[in-house]
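Shown next: work.tsv, containing TSV, C-alpha atoms.
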chain	number	residue	atom	x	y	z
D	1158	MET	CA	12.15	110.98	178.27
D	1159	ALA	CA	12.14	109.61	174.71
D	1160	VAL	CA	15.27	111.64	174.01
D	1161	TYR	CA	17.03	110.14	177.02
D	1162	ASP	CA	15.90	106.65	176.06
D	1163	LEU	CA	17.33	107.16	172.60
D	1164	GLU	CA	20.63	108.42	173.99
D	1165	GLU	CA	20.84	105.45	176.36
D	1166	GLN	CA	20.13	103.05	173.50
D	1167	GLU	CA	22.82	104.69	171.38
D	1168	GLN	CA	25.32	104.46	174.25
D	1169	LEU	CA	24.47	100.79	174.82
D	1170	ALA	CA	24.81	100.07	171.13
D	1171	ALA	CA	28.19	101.79	171.04
D	1172	LEU	CA	29.30	99.86	174.13
D	1173	ARG	CA	28.20	96.54	172.60
D	1174	ALA	CA	30.05	97.36	169.39
D	1175	TYR	CA	33.17	98.33	171.36
D	1176	TRP	CA	33.01	95.15	173.44
D	1177	LYS	CA	32.48	93.04	170.34
D	1178	GLN	CA	35.59	94.53	168.79
D	1179	TYR	CA	37.86	94.71	171.85
D	1180	GLY	CA	36.28	92.43	174.46
D	1181	ASN	CA	38.53	89.42	173.85
D	1182	LEU	CA	41.61	91.64	173.92
D	1183	ILE	CA	40.53	93.20	177.22
D	1184	LEU	CA	39.82	89.82	178.79
D	1185	THR	CA	43.20	88.52	177.61
D	1186	ALA	CA	44.97	91.56	179.10
D	1187	ILE	CA	43.16	91.09	182.43
D	1188	THR	CA	44.00	87.39	182.46
D	1189	LEU	CA	47.66	88.10	181.77
D	1190	ALA	CA	47.79	90.78	184.47
D	1191	LEU	CA	46.27	88.39	187.01
D	1192	ALA	CA	48.72	85.66	185.95
D	1193	VAL	CA	51.68	88.01	186.39
D	1194	LEU	CA	50.41	89.09	189.80
D	1195	ALA	CA	49.93	85.47	190.87
D	1196	ALA	CA	53.43	84.56	189.65
D	1197	PHE	CA	54.92	87.54	191.49
D	1198	GLN	CA	53.19	86.57	194.72
D	1199	ALA	CA	54.25	82.94	194.30
D	1200	TRP	CA	57.87	84.00	193.71
D	1201	ASN	CA	57.86	86.22	196.79
D	1202	TYR	CA	56.45	83.35	198.85
D	1203	TYR	CA	59.11	81.00	197.47
D	1204	GLN	CA	61.87	83.51	198.28
D	1205	ARG	CA	60.60	83.97	201.85
D	1206	ARG	CA	60.33	80.21	202.32
D	1207	GLN	CA	63.86	79.70	200.98
D	1208	ALA	CA	65.23	82.37	203.33
D	1209	GLN	CA	63.45	80.87	206.34
D	1210	GLU	CA	64.72	77.38	205.61
D	1211	ALA	CA	68.25	78.64	204.91
D	1212	SER	CA	68.19	80.61	208.16
D	1213	SER	CA	67.43	77.45	210.11
D	1214	VAL	CA	70.35	75.56	208.54
D	1215	TYR	CA	72.61	78.57	209.01
D	1216	GLY	CA	71.81	78.60	212.72
D	1217	ALA	CA	72.97	74.98	212.97
D	1218	LEU	CA	76.08	75.93	210.99
D	1219	GLN	CA	76.95	78.65	213.49
D	1220	LYS	CA	76.64	76.16	216.34
D	1221	ALA	CA	78.91	73.75	214.51
D	1222	GLN	CA	81.41	76.56	213.96
D	1223	ALA	CA	81.34	77.46	217.67
D	1224	GLY	CA	81.98	73.80	218.47
D	1225	ARG	CA	84.85	73.66	215.94
D	1226	ASP	CA	83.20	70.76	214.16
D	1227	ALA	CA	84.83	71.19	210.74
D	1228	LYS	CA	82.99	68.27	209.12
D	1229	GLN	CA	79.60	69.49	210.29
D	1230	VAL	CA	80.41	73.01	209.13
D	1231	LYS	CA	81.37	71.71	205.69
D	1232	ASP	CA	78.25	69.52	205.42
D	1233	LEU	CA	75.84	72.25	206.51
D	1234	ALA	CA	77.47	74.83	204.27
D	1235	GLY	CA	77.16	72.37	201.38
D	1236	THR	CA	73.46	71.98	202.13
D	1237	ILE	CA	72.91	75.73	202.00
D	1238	LEU	CA	74.90	76.15	198.78
D	1239	GLU	CA	73.05	73.28	197.13
D	1240	ARG	CA	69.50	74.08	198.25
D	1241	TYR	CA	69.52	77.82	198.86
D	1242	PRO	CA	72.23	79.34	196.60
D	1243	GLY	CA	70.15	82.44	195.88
D	1244	THR	CA	69.96	83.56	199.52
D	1245	TYR	CA	72.38	85.79	201.41
D	1246	TYR	CA	72.95	82.88	203.79
D	1247	ALA	CA	74.78	81.01	201.02
D	1248	ALA	CA	77.65	83.49	200.88
D	1249	MET	CA	77.88	83.74	204.67
D	1250	ALA	CA	77.90	79.96	204.97
D	1251	ALA	CA	80.63	79.64	202.35
D	1252	LEU	CA	82.78	82.24	204.11
D	1253	ILE	CA	82.45	80.41	207.42
D	1254	SER	CA	83.14	77.08	205.75
D	1255	ALA	CA	86.23	78.51	204.03
D	1256	LYS	CA	87.68	79.70	207.34
D	1257	SER	CA	86.90	76.40	209.03
D	1258	ALA	CA	88.51	74.45	206.20
D	1259	TYR	CA	91.62	76.61	206.16
D	1260	ASP	CA	92.00	76.40	209.94
D	1261	SER	CA	91.77	72.63	209.58
D	1262	GLY	CA	94.54	72.57	206.99
D	1263	ASP	CA	92.27	72.08	203.97
D	1264	ALA	CA	93.34	75.02	201.82
D	1265	LYS	CA	91.90	73.47	198.67
D	1266	SER	CA	88.36	73.42	200.07
D	1267	ALA	CA	88.81	76.90	201.51
D	1268	LYS	CA	89.81	78.28	198.12
D	1269	ALA	CA	86.87	76.56	196.42
D	1270	GLN	CA	84.42	78.11	198.88
D	1271	LEU	CA	85.94	81.58	198.48
D	1272	GLU	CA	85.89	81.28	194.69
D	1273	TRP	CA	82.19	80.42	194.87
D	1274	VAL	CA	81.48	83.52	196.94
D	1275	GLY	CA	83.57	85.68	194.62
D	1276	GLU	CA	81.54	84.53	191.63
D	1277	HIS	CA	78.04	83.99	193.00
D	1278	ALA	CA	77.40	86.07	196.13
D	1279	LYS	CA	74.49	88.47	195.79
D	1280	SER	CA	76.29	91.05	197.92
D	1281	GLU	CA	79.18	92.96	196.36
D	1282	GLU	CA	80.68	93.31	199.85
D	1283	PHE	CA	80.80	89.53	200.29
D	1284	ARG	CA	82.44	89.15	196.87
D	1285	TYR	CA	85.22	91.57	197.83
D	1286	ILE	CA	85.74	89.94	201.23
D	1287	ALA	CA	86.05	86.55	199.55
D	1288	ARG	CA	88.58	87.89	197.05
D	1289	LEU	CA	90.71	89.39	199.81
D	1290	ARG	CA	90.70	86.14	201.78
D	1291	LEU	CA	91.44	84.08	198.70
D	1292	ALA	CA	94.38	86.32	197.83
D	1293	GLY	CA	95.62	85.94	201.40
D	1294	ILE	CA	95.70	82.15	201.00
D	1295	LEU	CA	97.50	82.44	197.65
D	1296	LEU	CA	100.03	84.77	199.28
D	1297	ASP	CA	100.64	82.23	202.05
D	1298	GLU	CA	101.21	79.64	199.31
D	1299	LYS	CA	103.64	82.05	197.60
D	1300	ASP	CA	101.45	82.19	194.52
D	1301	PHE	CA	102.34	85.84	194.06
D	1302	ASP	CA	101.01	86.12	190.52
D	1303	GLY	CA	97.63	84.70	191.49
D	1304	ALA	CA	97.39	86.92	194.55
D	1305	MET	CA	98.38	90.00	192.55
D	1306	ARG	CA	95.73	89.34	189.91
D	1307	ILE	CA	93.15	89.55	192.67
D	1308	ALA	CA	94.76	92.61	194.27
D	1309	GLU	CA	94.71	94.48	190.96
D	1310	GLY	CA	91.14	93.47	190.14
D	1311	LYS	CA	88.08	95.68	190.32
D	1312	SER	CA	87.10	97.09	193.70
D	1313	ASN	CA	84.94	99.91	195.01
D	1314	GLN	CA	85.98	102.86	197.14
D	1315	ALA	CA	85.05	101.13	200.38
D	1316	PHE	CA	87.57	98.36	199.73
D	1317	ALA	CA	90.25	100.37	197.94
D	1318	ALA	CA	92.47	100.60	201.04
D	1319	ARG	CA	92.20	96.86	201.73
D	1320	PHE	CA	93.22	95.94	198.21
D	1321	ALA	CA	96.09	98.44	198.23
D	1322	ASP	CA	97.29	96.96	201.54
D	1323	LEU	CA	97.05	93.48	200.02
D	1324	LYS	CA	99.12	94.62	197.07
D	1325	GLY	CA	101.72	95.98	199.50
D	1326	ASP	CA	101.88	92.64	201.30
D	1327	ILE	CA	102.43	90.76	198.05
D	1328	LEU	CA	105.16	93.13	196.91
D	1329	ALA	CA	106.85	93.14	200.33
D	1330	ALA	CA	106.88	89.32	200.31
D	1331	GLN	CA	108.77	89.53	197.01
D	1332	LYS	CA	111.24	92.04	198.48
D	1333	LYS	CA	110.01	94.71	196.07
D	1334	ASN	CA	110.21	97.30	198.82
D	1335	ALA	CA	109.92	100.45	196.74
D	1336	GLU	CA	106.70	99.22	195.11
D	1337	ALA	CA	105.43	97.91	198.45
D	1338	ARG	CA	105.95	101.33	200.03
D	1339	ALA	CA	103.92	102.96	197.27
D	1340	ALA	CA	101.10	100.43	197.75
D	1341	TYR	CA	101.06	100.89	201.53
D	1342	ALA	CA	101.09	104.67	201.14
D	1343	ALA	CA	98.11	104.40	198.79
D	1344	ALA	CA	96.33	102.23	201.37
D	1345	VAL	CA	96.95	104.80	204.10
D	1346	SER	CA	95.64	107.58	201.88
D	1347	ALA	CA	92.54	105.59	200.92
D	1348	THR	CA	91.68	104.60	204.50
D	1349	ASP	CA	88.63	106.28	205.96
D	1350	ALA	CA	89.39	108.55	208.91
D	1351	LYS	CA	87.02	106.48	211.06
D	1352	ASP	CA	89.15	103.37	210.50
D	1353	ALA	CA	92.07	104.59	212.62
D	1354	ALA	CA	93.14	101.10	213.71
D	1355	PHE	CA	93.58	99.89	210.14
D	1356	ARG	CA	95.39	103.07	209.14
D	1357	LYS	CA	97.82	102.60	212.05
D	1358	TYR	CA	98.35	98.95	211.10
D	1359	VAL	CA	99.24	99.80	207.50
D	1360	GLN	CA	101.39	102.75	208.57
D	1361	GLN	CA	103.43	100.41	210.76
D	1362	LYS	CA	104.08	98.15	207.79
D	1363	LEU	CA	105.03	101.17	205.70
D	1364	ASP	CA	107.41	102.43	208.39
D	1365	SER	CA	109.02	99.00	208.75
D	1366	LEU	CA	110.23	99.20	205.15
D	1367	GLY	CA	112.30	102.29	205.93
D	1368	ASP	CA	112.96	105.24	203.63
D	1369	ALA	CA	112.98	104.86	199.88
D	1370	SER	CA	116.56	106.10	199.82

Please express what this file holds, its structure, as structure tokens.
Amino acid sequence: MAVYDLEEQEQLAALRAYWKQYGNLILTAITLALAVLAAFQAWNYYQRRQAQEASSVYGALQKAQAGRDAKQVKDLAGTILERYPGTYYAAMAALISAKSAYDSGDAKSAKAQLEWVGEHAKSEEFRYIARLRLAGILLDEKDFDGAMRIAEGKSNQAFAARFADLKGDILAAQKKNAEARAAYAAAVSATDAKDAAFRKYVQQKLDSLGDAS
């Protein structure tokens, strides 16, 4: 038993020496870990709360859109962009507000909303949709250079056909038929087989330009 007592005393002495040397460091590491965990949980709670509040405002925005209340749509969208810019609802609200503004004849506000989405939306898909719609407005305004800069910008495979079609529209509007045909042909080639309606739509525009000769 004396041997065991001695071993236990030696182990306790070693533990006390270890704690004396590293105890403060261990306590600091534990405190930091707990602080990080608490901050992470607080951030998650904040994000959930933001999403819930934004969802409520977005619901009111949809009702205003259904009622064609352009002012209410603009005000509610502004609330979401100001208070909840980091949520997915912000981009959706801006897209709805842009359409409402444009339908009401306020192209300036529509472009501002679409530019915001193109720069700040969390979703890459929303950013591409906003760019396409913005280019469409610029095309209507005959700002061909501005529209073409968007059409020739970066896109992913899923939107390649849409941007090629946009490029064709811009070129066709400028009577650059040979280049427009090439753009439409590229759009047809890039269109997913499942998107038969869009492929047919672009093919009709391509056919309307006639033969290259």

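Residues with any atom within 12 Å of Ala1269 (chain D), counting only C-alpha atoms and excluding same-chain neighbours fewer than 6 positions away, are Lys1231, Gly1235, Ala1251, Leu1252, Ser1254, Ala1255, Lys1256, Ala1258, Tyr1259, Asp1263, Gly1275, Glu1276, Ala1287, Arg1288, Arg1290, Leu1291 and Ile1294 of chain D.
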
Distance query region 1327-1342 of chain D at most 7 Å, all atoms listed in the file, self and fewer than 3 positions along chain excluded, as a PyMOL selection string: chain D and resi 1296+1301+1305+1321-1324+1345-1346+1359+1363+1366+1369

What is the distance between CA of Asp1349 (chain D) and CA of Ala1318 (chain D), in Å to one decimal? 8.4 Å

Pick the closest to Ala1248 (chain D) from D:Ser1280, D:Gln1360, D:Gln1219, D:Thr1188: which is it, counting all atoms listed in the file? D:Ser1280

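One distance worth recording is that between CA of Ser1261 (chain D) and CA of Glu1282 (chain D), which is 25.4 Å.
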
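For the pair CA of Ala1250 (chain D) and CA of Arg1319 (chain D), the separation is 22.4 Å.
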